[in-house]
$ cat query_0.cif   # mmCIF, C-alpha atoms and all ligand atoms
data_upload
#
loop_
_atom_site.label_atom_id
_atom_site.label_comp_id
_atom_site.auth_asym_id
_atom_site.auth_seq_id
_atom_site.Cartn_x
_atom_site.Cartn_y
_atom_site.Cartn_z
CA MET S 17 -20.00 -3.90 21.39
CA LYS S 18 -22.88 -3.01 19.10
CA ILE S 19 -21.79 -1.45 15.81
CA GLY S 20 -24.24 0.61 13.78
CA VAL S 21 -23.52 0.71 10.06
CA LEU S 22 -25.04 3.29 7.71
CA GLY S 23 -25.76 1.27 4.58
CA ALA S 24 -26.64 -2.39 4.22
CA GLY S 25 -24.75 -3.74 1.22
CA GLN S 26 -21.81 -6.06 0.69
CA LEU S 27 -19.28 -3.90 2.53
CA GLY S 28 -21.45 -3.96 5.64
CA ARG S 29 -21.91 -7.70 5.21
CA MET S 30 -18.15 -8.30 5.09
CA LEU S 31 -17.63 -5.99 8.09
CA ALA S 32 -20.08 -8.09 10.08
CA LEU S 33 -18.46 -11.34 8.97
CA ALA S 34 -15.15 -9.99 10.30
CA GLY S 35 -16.63 -8.61 13.51
CA LEU S 36 -18.68 -11.56 14.73
CA PRO S 37 -15.59 -13.53 15.93
CA LEU S 38 -14.61 -10.44 17.96
CA GLU S 39 -18.00 -10.60 19.72
CA MET S 40 -19.29 -7.53 17.95
CA SER S 41 -22.88 -7.32 16.81
CA PHE S 42 -24.30 -5.24 13.99
CA ILE S 43 -27.31 -3.10 13.15
CA PHE S 44 -27.60 -1.71 9.63
CA TYR S 45 -29.43 1.45 8.63
CA ASP S 46 -30.74 1.20 5.08
CA THR S 47 -32.14 4.09 3.07
CA SER S 48 -32.15 2.31 -0.31
CA GLY S 49 -35.22 0.21 0.44
CA ALA S 50 -33.31 -2.85 -0.86
CA PRO S 51 -30.81 -4.01 1.78
CA SER S 52 -28.70 -6.96 0.64
CA VAL S 53 -26.61 -7.39 3.78
CA GLY S 54 -28.42 -10.62 4.72
CA LEU S 55 -27.30 -10.73 8.38
CA GLY S 56 -27.54 -8.73 11.59
CA GLU S 57 -30.52 -6.49 12.26
CA VAL S 58 -31.62 -4.11 9.52
CA ILE S 59 -33.58 -0.92 10.09
CA VAL S 60 -35.14 0.28 6.85
CA ASP S 61 -35.84 3.98 6.39
CA LYS S 62 -37.44 3.77 2.98
CA GLY S 63 -37.71 7.43 2.08
CA GLY S 64 -34.29 8.19 3.57
CA SER S 65 -35.89 10.89 5.77
CA GLY S 66 -34.05 9.84 8.93
CA SER S 67 -37.33 8.90 10.62
CA GLU S 68 -35.89 5.70 12.12
CA LEU S 69 -32.55 7.22 13.03
CA ASP S 70 -33.22 7.77 16.74
CA ASP S 71 -34.30 4.18 17.13
CA PHE S 72 -31.08 3.05 15.37
CA LEU S 73 -28.83 5.34 17.42
CA GLN S 74 -30.36 4.28 20.73
CA GLN S 75 -29.39 0.70 20.03
CA VAL S 76 -25.75 1.15 19.01
CA ASP S 77 -22.49 2.01 20.82
CA ILE S 78 -20.68 3.40 17.81
CA VAL S 79 -21.52 4.26 14.20
CA THR S 80 -19.61 3.66 10.96
CA TYR S 81 -20.65 3.56 7.30
CA GLU S 82 -20.03 1.78 4.03
CA PHE S 83 -20.72 4.72 1.70
CA GLU S 84 -19.40 8.29 2.02
CA HIS S 85 -22.03 10.04 -0.09
CA LEU S 86 -24.15 10.78 2.97
CA PRO S 87 -25.83 14.10 3.78
CA LEU S 88 -23.26 16.02 5.85
CA GLU S 89 -25.88 17.45 8.21
CA LEU S 90 -27.07 13.95 8.98
CA THR S 91 -23.56 12.77 9.87
CA LYS S 92 -23.03 15.81 12.12
CA ALA S 93 -26.32 15.12 13.87
CA ILE S 94 -25.25 11.51 14.43
CA GLU S 95 -21.92 12.66 15.82
CA ASN S 96 -23.71 14.69 18.48
CA LYS S 97 -25.29 11.52 19.80
CA LYS S 98 -22.83 8.66 19.22
CA PRO S 99 -19.17 8.28 18.20
CA LEU S 100 -18.99 8.29 14.38
CA HIS S 101 -15.85 6.80 12.79
CA PRO S 102 -14.51 7.97 10.42
CA SER S 103 -15.80 11.42 11.42
CA SER S 104 -17.98 13.84 9.47
CA GLU S 105 -14.79 15.74 8.63
CA SER S 106 -13.46 12.74 6.68
CA ILE S 107 -16.84 12.51 4.93
CA ARG S 108 -16.90 16.25 4.15
CA VAL S 109 -13.54 16.07 2.39
CA CYS S 110 -13.86 12.66 0.72
CA GLN S 111 -17.33 13.23 -0.72
CA ASN S 112 -16.21 16.34 -2.62
CA ARG S 113 -13.50 16.13 -5.26
CA THR S 114 -12.65 19.85 -4.93
CA LYS S 115 -12.00 19.57 -1.20
CA GLU S 116 -10.13 16.30 -1.69
CA LYS S 117 -7.83 17.81 -4.33
CA ALA S 118 -7.26 20.94 -2.19
CA LEU S 119 -6.17 18.73 0.70
CA PHE S 120 -3.81 16.74 -1.54
CA LYS S 121 -2.27 20.04 -2.63
CA GLU S 122 -2.00 21.38 0.90
CA LEU S 123 -0.16 18.23 1.99
CA GLY S 124 2.17 18.23 -1.02
CA ILE S 125 0.62 15.11 -2.54
CA PRO S 126 0.92 15.40 -6.35
CA THR S 127 -2.21 15.09 -8.53
CA ALA S 128 -3.11 15.65 -12.17
CA GLU S 129 -3.44 19.32 -13.02
CA TYR S 130 -7.07 20.40 -12.69
CA ARG S 131 -9.64 23.19 -12.80
CA VAL S 132 -13.09 23.56 -11.25
CA VAL S 133 -15.79 24.64 -13.72
CA ASN S 134 -19.42 25.71 -13.32
CA SER S 135 -20.69 25.86 -16.92
CA ALA S 136 -20.19 24.27 -20.34
CA LYS S 137 -18.36 27.42 -21.42
CA GLU S 138 -15.91 27.17 -18.52
CA LEU S 139 -15.47 23.47 -19.26
CA LYS S 140 -14.48 24.32 -22.84
CA SER S 141 -11.96 26.96 -21.68
CA ALA S 142 -10.48 24.58 -19.08
CA ALA S 143 -10.10 21.83 -21.71
CA GLU S 144 -8.29 24.30 -23.98
CA GLU S 145 -6.08 25.50 -21.14
CA LEU S 146 -5.12 22.04 -19.89
CA GLY S 147 -4.93 20.52 -23.38
CA CYS S 148 -7.05 17.55 -24.44
CA PRO S 149 -7.59 14.79 -23.61
CA VAL S 150 -9.05 15.79 -20.26
CA VAL S 151 -11.35 13.98 -17.83
CA ALA S 152 -14.39 15.85 -16.48
CA LYS S 153 -15.91 14.54 -13.23
CA SER S 154 -18.84 15.68 -11.12
CA VAL S 155 -17.54 17.29 -7.93
CA THR S 156 -19.93 15.22 -5.81
CA GLU S 157 -21.60 11.81 -5.96
CA GLY S 158 -19.36 10.12 -8.56
CA TYR S 159 -18.31 6.48 -8.12
CA ASP S 160 -17.44 3.49 -10.33
CA GLY S 161 -16.73 5.88 -13.21
CA LYS S 162 -20.25 7.38 -13.03
CA GLY S 163 -20.61 11.13 -13.56
CA GLN S 164 -17.50 11.30 -15.77
CA ALA S 165 -16.55 11.97 -19.37
CA VAL S 166 -13.31 12.02 -21.34
CA LEU S 167 -13.03 14.95 -23.75
CA ARG S 168 -10.79 14.26 -26.74
CA ASP S 169 -11.47 17.75 -28.04
CA SER S 170 -12.70 20.94 -26.37
CA ALA S 171 -15.58 20.97 -28.89
CA GLU S 172 -17.05 18.07 -26.88
CA ALA S 173 -17.55 20.33 -23.84
CA GLU S 174 -21.26 21.03 -24.40
CA ALA S 175 -22.10 17.33 -24.86
CA ALA S 176 -20.00 16.30 -21.83
CA TRP S 177 -21.59 18.99 -19.65
CA THR S 178 -25.07 17.79 -20.62
CA SER S 179 -24.28 14.11 -20.14
CA ILE S 180 -22.72 14.56 -16.66
CA ASN S 181 -25.59 16.86 -15.65
CA HIS S 182 -24.09 18.41 -12.51
CA ASN S 183 -23.60 22.09 -11.70
CA SER S 184 -19.95 21.82 -10.76
CA LEU S 185 -17.23 19.68 -12.34
CA ILE S 186 -13.54 19.03 -11.90
CA VAL S 187 -11.58 18.89 -15.15
CA GLU S 188 -8.29 17.03 -15.02
CA SER S 189 -5.46 16.46 -17.44
CA PHE S 190 -5.60 12.92 -18.74
CA VAL S 191 -2.86 11.00 -16.93
CA ASP S 192 -0.69 8.70 -19.03
CA PHE S 193 -0.31 6.19 -16.23
CA SER S 194 1.52 2.87 -16.45
CA ARG S 195 -0.95 1.35 -13.99
CA GLU S 196 -3.43 2.14 -11.22
CA LEU S 197 -2.53 1.38 -7.63
CA SER S 198 -4.26 1.81 -4.30
CA ILE S 199 -3.05 1.90 -0.75
CA ILE S 200 -5.25 1.07 2.21
CA ALA S 201 -4.36 2.06 5.75
CA ALA S 202 -6.02 1.85 9.14
CA ARG S 203 -5.71 4.39 11.95
CA SER S 204 -7.13 3.57 15.35
CA THR S 205 -8.62 5.76 18.05
CA SER S 206 -5.18 5.59 19.76
CA GLY S 207 -3.43 6.96 16.63
CA GLU S 208 -1.84 3.59 15.75
CA VAL S 209 -1.44 3.24 11.98
CA ALA S 210 -1.05 0.13 9.80
CA PHE S 211 -0.57 -0.04 6.02
CA TYR S 212 -1.50 -2.75 3.55
CA PRO S 213 0.82 -3.34 0.60
CA LEU S 214 -0.08 -1.45 -2.57
CA ALA S 215 -2.60 -3.24 -4.79
CA GLU S 216 -2.58 -3.04 -8.60
CA ASN S 217 -6.06 -2.43 -9.98
CA SER S 218 -7.52 -2.89 -13.43
CA HIS S 219 -10.87 -1.43 -14.42
CA HIS S 220 -13.27 -2.19 -17.24
CA GLU S 221 -15.99 0.29 -18.16
CA GLY S 222 -15.29 2.23 -14.94
CA ILE S 223 -15.68 -0.79 -12.66
CA LEU S 224 -12.82 -2.50 -10.82
CA ARG S 225 -12.34 -6.02 -12.20
CA TYR S 226 -8.98 -7.27 -10.87
CA SER S 227 -6.82 -6.30 -7.88
CA ILE S 228 -3.43 -7.90 -7.39
CA ALA S 229 -1.74 -7.62 -4.00
CA PRO S 230 1.00 -7.04 -3.30
CA ALA S 231 1.19 -5.09 -6.56
CA PRO S 232 4.00 -6.77 -8.53
CA LYS S 233 7.29 -5.02 -9.20
CA VAL S 234 6.81 -2.28 -6.64
CA LEU S 235 10.11 -0.82 -5.52
CA GLU S 236 10.34 -0.14 -1.79
CA PRO S 237 10.56 3.67 -2.23
CA ILE S 238 7.20 3.61 -4.04
CA GLN S 239 5.52 1.70 -1.21
CA GLN S 240 7.11 4.13 1.26
CA GLN S 241 5.97 7.14 -0.75
CA ALA S 242 2.39 5.85 -0.85
CA GLN S 243 2.52 5.23 2.91
CA GLU S 244 3.78 8.76 3.53
CA TYR S 245 0.94 10.22 1.47
CA ILE S 246 -1.79 8.26 3.19
CA LYS S 247 -0.27 8.82 6.62
CA ALA S 248 -0.30 12.58 6.03
CA LEU S 249 -4.00 12.34 5.09
CA LEU S 250 -4.88 10.15 8.07
CA ASN S 251 -3.22 12.51 10.51
CA GLU S 252 -4.53 15.70 8.93
CA LEU S 253 -8.11 14.40 8.97
CA ASN S 254 -7.64 12.83 12.41
CA HIS S 255 -9.15 9.88 10.61
CA VAL S 256 -10.21 6.78 12.55
CA GLY S 257 -10.86 3.59 10.56
CA ILE S 258 -9.78 2.50 7.09
CA LEU S 259 -8.79 5.07 4.47
CA THR S 260 -8.15 4.16 0.83
CA LEU S 261 -6.05 6.25 -1.53
CA GLU S 262 -6.20 5.56 -5.27
CA LEU S 263 -3.06 6.41 -7.19
CA PHE S 264 -1.71 6.51 -10.73
CA GLU S 265 1.80 5.23 -11.28
CA THR S 266 3.61 7.30 -13.90
CA THR S 267 7.18 7.64 -15.11
CA ASN S 268 7.39 10.68 -12.82
CA GLY S 269 6.19 8.81 -9.74
CA LEU S 270 2.81 8.55 -8.02
CA LEU S 271 -0.13 10.89 -8.55
CA ALA S 272 -3.12 10.79 -6.22
CA ASN S 273 -6.48 10.25 -7.93
CA GLU S 274 -9.06 10.07 -5.16
CA MET S 275 -9.68 8.66 -1.71
CA ALA S 276 -12.45 6.86 0.15
CA PRO S 277 -12.97 6.97 3.93
CA ARG S 278 -13.95 3.33 4.15
CA VAL S 279 -13.15 -0.26 3.31
CA HIS S 280 -12.63 -0.57 -0.42
CA ASN S 281 -13.13 -3.07 -3.22
CA SER S 282 -9.37 -3.08 -3.88
CA GLY S 283 -8.86 -4.41 -0.33
CA HIS S 284 -11.12 -7.47 -0.55
CA TRP S 285 -8.03 -9.60 -1.29
CA SER S 286 -7.05 -9.12 2.37
CA ILE S 287 -9.81 -11.44 3.66
CA GLU S 288 -7.69 -14.45 2.72
CA GLY S 289 -4.50 -12.63 1.73
CA ALA S 290 -3.56 -11.09 5.09
CA ALA S 291 -3.77 -12.19 8.72
CA SER S 292 -6.15 -9.30 9.46
CA SER S 293 -8.43 -8.15 6.67
CA GLN S 294 -9.31 -4.54 5.95
CA PHE S 295 -12.74 -5.27 7.48
CA GLU S 296 -11.29 -6.60 10.73
CA ASN S 297 -8.79 -3.76 10.96
CA HIS S 298 -11.52 -1.18 10.36
CA LEU S 299 -13.43 -2.62 13.29
CA ARG S 300 -10.34 -2.87 15.47
CA ALA S 301 -9.47 0.75 14.62
CA ILE S 302 -12.88 2.22 15.42
CA THR S 303 -13.25 0.28 18.66
CA GLY S 304 -9.74 1.08 19.92
CA LEU S 305 -8.37 -2.46 19.69
CA PRO S 306 -4.76 -3.12 18.63
CA LEU S 307 -4.43 -3.29 14.83
CA GLY S 308 -3.73 -6.67 13.21
CA ASP S 309 -1.05 -7.76 10.77
CA THR S 310 -1.51 -6.31 7.28
CA GLN S 311 1.20 -8.18 5.37
CA ALA S 312 0.22 -10.27 2.36
CA ASN S 313 0.77 -13.96 2.97
CA LYS S 314 1.02 -14.90 -0.75
CA PRO S 315 0.59 -13.33 -4.19
CA THR S 316 -3.16 -12.76 -4.28
CA CYS S 317 -5.67 -11.54 -6.85
CA MET S 318 -9.28 -10.51 -6.33
CA ILE S 319 -11.61 -10.93 -9.28
CA ASN S 320 -14.92 -9.10 -9.15
CA ILE S 321 -18.07 -10.96 -10.15
CA ILE S 322 -20.16 -8.48 -12.12
CA ALA S 323 -23.67 -8.88 -13.56
CA GLU S 324 -23.68 -12.71 -13.75
CA LYS S 325 -22.70 -15.17 -11.04
CA GLY S 326 -21.08 -17.59 -13.47
CA ASN S 327 -20.18 -21.21 -12.87
CA LYS S 328 -20.21 -21.49 -9.07
CA GLU S 329 -19.59 -25.27 -9.01
CA ALA S 330 -16.53 -25.01 -11.26
CA ILE S 331 -15.01 -22.26 -9.10
CA LEU S 332 -15.72 -24.18 -5.89
CA LYS S 333 -13.78 -27.17 -7.24
CA LEU S 334 -10.59 -25.12 -7.51
CA PRO S 335 -8.38 -25.54 -4.42
CA TYR S 336 -6.86 -22.06 -4.80
CA ALA S 337 -10.06 -20.03 -5.20
CA HIS S 338 -12.27 -18.54 -2.48
CA LEU S 339 -15.76 -17.59 -3.58
CA HIS S 340 -17.68 -14.73 -1.94
CA LEU S 341 -21.24 -14.10 -3.09
CA TYR S 342 -23.12 -11.13 -1.71
CA GLY S 343 -26.70 -12.42 -1.83
CA LYS S 344 -27.72 -10.06 -4.63
CA SER S 345 -29.68 -10.78 -7.78
CA GLU S 346 -28.09 -10.58 -11.23
CA ARG S 347 -28.24 -7.23 -13.01
CA LYS S 348 -26.09 -5.44 -15.61
CA GLY S 349 -23.06 -3.75 -14.03
CA ARG S 350 -23.92 -4.94 -10.49
CA LYS S 351 -21.23 -6.21 -8.10
CA LEU S 352 -22.49 -9.65 -7.09
CA GLY S 353 -19.42 -11.11 -5.44
CA HIS S 354 -15.73 -11.72 -5.81
CA VAL S 355 -13.23 -14.54 -5.98
CA THR S 356 -9.89 -14.45 -4.20
CA VAL S 357 -7.16 -16.42 -5.95
CA GLN S 358 -3.84 -17.22 -4.31
CA ALA S 359 -0.63 -18.77 -5.59
CA ASP S 360 2.98 -19.28 -4.55
CA SER S 361 4.28 -17.19 -7.45
CA TYR S 362 2.96 -14.44 -9.70
CA GLU S 363 3.46 -16.69 -12.71
CA GLU S 364 1.17 -19.30 -11.22
CA LEU S 365 -1.24 -16.56 -10.12
CA VAL S 366 -1.73 -15.38 -13.72
CA TRP S 367 -2.63 -18.85 -14.89
CA ARG S 368 -5.03 -19.36 -11.98
CA VAL S 369 -6.74 -15.99 -12.41
CA LYS S 370 -7.32 -16.66 -16.10
CA ASN S 371 -8.77 -20.04 -15.24
CA VAL S 372 -11.22 -18.57 -12.70
CA ALA S 373 -12.15 -15.74 -15.09
CA SER S 374 -13.07 -18.33 -17.72
CA PHE S 375 -15.94 -19.38 -15.41
CA LEU S 376 -17.20 -15.81 -15.07
CA PRO S 377 -19.05 -14.73 -18.21
CA GLY S 378 -18.31 -11.18 -19.31
CA SER S 379 -14.98 -11.00 -17.48
CA PRO S 380 -12.61 -8.77 -19.42
CA ASP S 381 -9.18 -10.12 -20.34
CA PHE S 382 -6.81 -10.18 -17.39
CA ILE S 383 -4.49 -7.34 -18.31
CA SER S 384 -1.93 -6.31 -15.71
CA SER S 385 1.75 -5.62 -15.25
CA LEU S 386 2.09 -9.42 -15.08
CA THR S 387 0.50 -10.04 -18.44
CA SER S 388 1.58 -7.10 -20.62
CA SER S 389 4.92 -5.48 -21.33
CA LYS S 390 3.58 -2.37 -19.57
CA LYS S 391 5.01 -2.07 -16.08
P1 LIG D 1 -12.33 7.90 -10.44
O1 LIG D 1 -13.80 7.86 -10.22
O2 LIG D 1 -11.74 9.27 -10.24
O3 LIG D 1 -11.60 6.85 -9.66
O4 LIG D 1 -12.09 7.52 -11.98
C1 LIG D 1 -12.46 6.25 -12.49
C2 LIG D 1 -11.41 5.74 -13.44
O5 LIG D 1 -11.26 6.66 -14.55
C3 LIG D 1 -10.00 5.66 -12.83
O6 LIG D 1 -9.85 4.48 -12.11
C4 LIG D 1 -9.14 5.74 -14.06
O7 LIG D 1 -9.11 4.49 -14.74
C5 LIG D 1 -9.88 6.72 -14.94
N1 LIG D 1 -9.39 8.10 -14.70
C6 LIG D 1 -9.85 8.95 -13.76
N2 LIG D 1 -9.18 10.13 -13.79
C7 LIG D 1 -8.27 10.02 -14.77
C8 LIG D 1 -7.26 10.90 -15.30
N3 LIG D 1 -7.09 12.14 -14.84
N4 LIG D 1 -6.50 10.44 -16.32
C9 LIG D 1 -6.66 9.19 -16.82
N5 LIG D 1 -7.60 8.32 -16.37
C10 LIG D 1 -8.39 8.72 -15.36
#
$ encode --input "query_0.cif" --output "structure tokens"
Amino acid sequence: MKIGVLGAGQLGRMLALAGLPLEMSFIFYDTSGAPSVGLGEVIVDKGGSGSELDDFLQQVDIVTYEFEHLPLELTKAIENKKPLHPSSESIRVCQNRTKEKALFKELGIPTAEYRVVNSAKELKSAAEELGCPVVAKSVTEGYDGKGQAVLRDSAEAEAAWTSINHNSLIVESFVDFSRELSIIAARSTSGEVAFYPLAENSHHEGILRYSIAPAPKVLEPIQQQAQEYIKALLNELNHVGILTLELFETTNGLLANEMAPRVHNSGHWSIEGAASSQFENHLRAITGLPLGDTQANKPTCMINIIAEKGNKEAILKLPYAHLHLYGKSERKGRKLGHVTVQADSYEELVWRVKNVASFLPGSPDFISSLTSSKK
């Protein structure tokens, strides 16, 4: 089975690492001009014009992707030639915050209150109506906290509009969450569904830094609720592959933030932390194989390596740490790798995570429900 992947970064790399033992081979289609995948065959379409696409499609049995901000027309054209999983419908909804929020609403999945605005003036009115603080986000293309601004006062509308620089924004009430969670699920071509346990995520400057799985202190009804939400989305979209749903935990229950139709940074823990990783289950799902076990085998935490690779030797000496480097050069804000840390208890996990983080310069303090009084 030859898998074509749109994109050639670390997610594609980890997909291939999971697929090789299943006798899958991989061809990557890169439009960035700087593929970092480092394995498989890479077709580079430097201008992103699609000029090499036919060559790519001729060679593959099935197409998937590592990034949902793809031109919709392109994905529809691909679909006419080869199976594309998840489909262009999943891309259409997940790449547009307005469509995503409308679907949450339609399915009865609660979200922060929001408005869609098309000018600085409308942004100001929406901020007044919702009550500050509010979060303004570009409707399309946002990721890792890019294309966003928090308005503490409606008088900041003009400046926020200019800084985001998009012609359509979503404005949301600021959610007073106790923590951020995500649920990852796989749905196969046969309709089989499998759920990973909720992960607890902490961000710094808009970038994910730590994911703990299973998220500590999650009551069973919360896990069930998250599963019901993502299952409704999977079925409605007729989604095939991994889907990730990011959630806020509040005193009134879960609120959906956003979703991604792909393997996700908050699921990297599953490479060592579950019998079948999110990468393997994505591949199983899109090729119609039975899904693998998604349970966590131990308390696990993923630490992102951002900007600087840190002390590789020191991390490699630790018996409980697994180092993953993505073959990328150091640069401010860039995801260069991650470390998976496992322990027999959450108490031990905290100590181990802090130890690993001490070898990663620039790592923010490890703040989580395990380390603060906040649940
Ligand atoms: P997003 O790109 O929507 O995932 O937003 C990036 C990060 O901004 C989230 O992970 C939250 O930490 C924060 N954030 C986004 N929306 C809100 C909101 N409505 N209220 C509070 N924090 C938010």
$ atom_distance --input "query_0.cif" --atom1 "atom CA of S:Lys351" --atom2 "atom CA of S:Leu259"
21.0 Å
$ closest_residue --input "query_0.cif" --among "S:Leu38, S:Ile302, S:Ile228, S:Leu88" --to "S:Val357" --atoms "all atoms listed in the file"
S:Ile228
$ residues_near_ligand --input "query_0.cif" --ligand "ligand LIG 1 (chain D)" --cutoff "10 Å" --atoms "all atoms listed in the file" --output "count of residues only"
51
$ closest_residue --input "query_0.cif" --among "S:Glu364, S:Glu145, S:Asp71, S:Asp381" --to "S:Lys97" --atoms "only C-alpha atoms"
S:Asp71
$ residues_near_point --input "query_0.cif" --point "(-1.7, 1.9, 4.6)" --cutoff "10 Å" --atoms "only C-alpha atoms" --output "list in words"
Ser198, Ile199, Ile200, Ala201, Ala202, Arg203, Val209, Ala210, Phe211, Tyr212, Pro213, Leu214, Gln239, Gln240, Ala242, Gln243, Glu244, Tyr245, Ile246, Lys247, Leu250, Ile258, Leu259, Thr260, Leu261 and Thr310 of chain S
$ closest_residue --input "query_0.cif" --among "S:Ile94, S:Pro99, S:Asn112, S:Thr316" --to "S:Tyr362" --atoms "all atoms listed in the file"
S:Thr316
$ build_atoms --input "query_0.cif" --residues "stretch 294-301 of chain S" --atoms "all heavy atoms" --output "compact mmCIF listing (two decimals), in the frame of the given file"
# COMPACT_ATOMS: atom_id res chain seq x y z
N GLN S 294 -8.95 -5.96 5.81
CA GLN S 294 -9.31 -4.54 5.95
C GLN S 294 -10.58 -4.40 6.81
O GLN S 294 -10.72 -3.41 7.54
CB GLN S 294 -9.52 -3.89 4.58
CG GLN S 294 -10.64 -4.50 3.75
CD GLN S 294 -11.06 -3.61 2.57
OE1 GLN S 294 -10.65 -2.46 2.45
NE2 GLN S 294 -11.89 -4.15 1.68
N PHE S 295 -11.48 -5.36 6.73
CA PHE S 295 -12.74 -5.27 7.48
C PHE S 295 -12.45 -5.40 8.98
O PHE S 295 -12.96 -4.63 9.81
CB PHE S 295 -13.72 -6.35 7.01
CG PHE S 295 -14.03 -6.23 5.54
CD1 PHE S 295 -13.39 -7.03 4.60
CD2 PHE S 295 -14.92 -5.27 5.08
CE1 PHE S 295 -13.64 -6.89 3.24
CE2 PHE S 295 -15.18 -5.12 3.73
CZ PHE S 295 -14.54 -5.94 2.81
N GLU S 296 -11.63 -6.41 9.31
CA GLU S 296 -11.29 -6.60 10.73
C GLU S 296 -10.52 -5.39 11.26
O GLU S 296 -10.79 -4.90 12.36
CB GLU S 296 -10.46 -7.88 10.89
CG GLU S 296 -10.15 -8.13 12.35
CD GLU S 296 -9.43 -9.44 12.60
OE1 GLU S 296 -9.60 -10.40 11.81
OE2 GLU S 296 -8.69 -9.50 13.60
N ASN S 297 -9.57 -4.90 10.47
CA ASN S 297 -8.79 -3.76 10.96
C ASN S 297 -9.62 -2.49 11.06
O ASN S 297 -9.37 -1.65 11.94
CB ASN S 297 -7.54 -3.54 10.10
CG ASN S 297 -6.33 -4.23 10.72
OD1 ASN S 297 -6.26 -4.42 11.94
ND2 ASN S 297 -5.39 -4.61 9.89
N HIS S 298 -10.62 -2.34 10.21
CA HIS S 298 -11.52 -1.18 10.36
C HIS S 298 -12.22 -1.26 11.71
O HIS S 298 -12.28 -0.27 12.45
CB HIS S 298 -12.54 -1.15 9.21
CG HIS S 298 -13.46 0.02 9.29
ND1 HIS S 298 -13.06 1.31 9.01
CD2 HIS S 298 -14.77 0.13 9.66
CE1 HIS S 298 -14.07 2.15 9.19
NE2 HIS S 298 -15.12 1.45 9.59
N LEU S 299 -12.71 -2.45 12.03
CA LEU S 299 -13.43 -2.62 13.29
C LEU S 299 -12.51 -2.46 14.50
O LEU S 299 -12.86 -1.85 15.50
CB LEU S 299 -14.13 -3.98 13.32
CG LEU S 299 -15.23 -4.13 12.26
CD1 LEU S 299 -15.67 -5.58 12.14
CD2 LEU S 299 -16.42 -3.23 12.60
N ARG S 300 -11.31 -3.04 14.38
CA ARG S 300 -10.34 -2.87 15.47
C ARG S 300 -10.04 -1.39 15.67
O ARG S 300 -9.96 -0.91 16.81
CB ARG S 300 -9.03 -3.60 15.12
CG ARG S 300 -9.13 -5.12 15.14
CD ARG S 300 -7.73 -5.64 14.94
NE ARG S 300 -7.62 -7.07 14.79
CZ ARG S 300 -6.59 -7.78 15.27
NH1 ARG S 300 -5.61 -7.17 15.93
NH2 ARG S 300 -6.52 -9.07 15.09
N ALA S 301 -9.84 -0.67 14.55
CA ALA S 301 -9.47 0.75 14.62
C ALA S 301 -10.56 1.57 15.29
O ALA S 301 -10.27 2.38 16.17
CB ALA S 301 -9.20 1.28 13.20
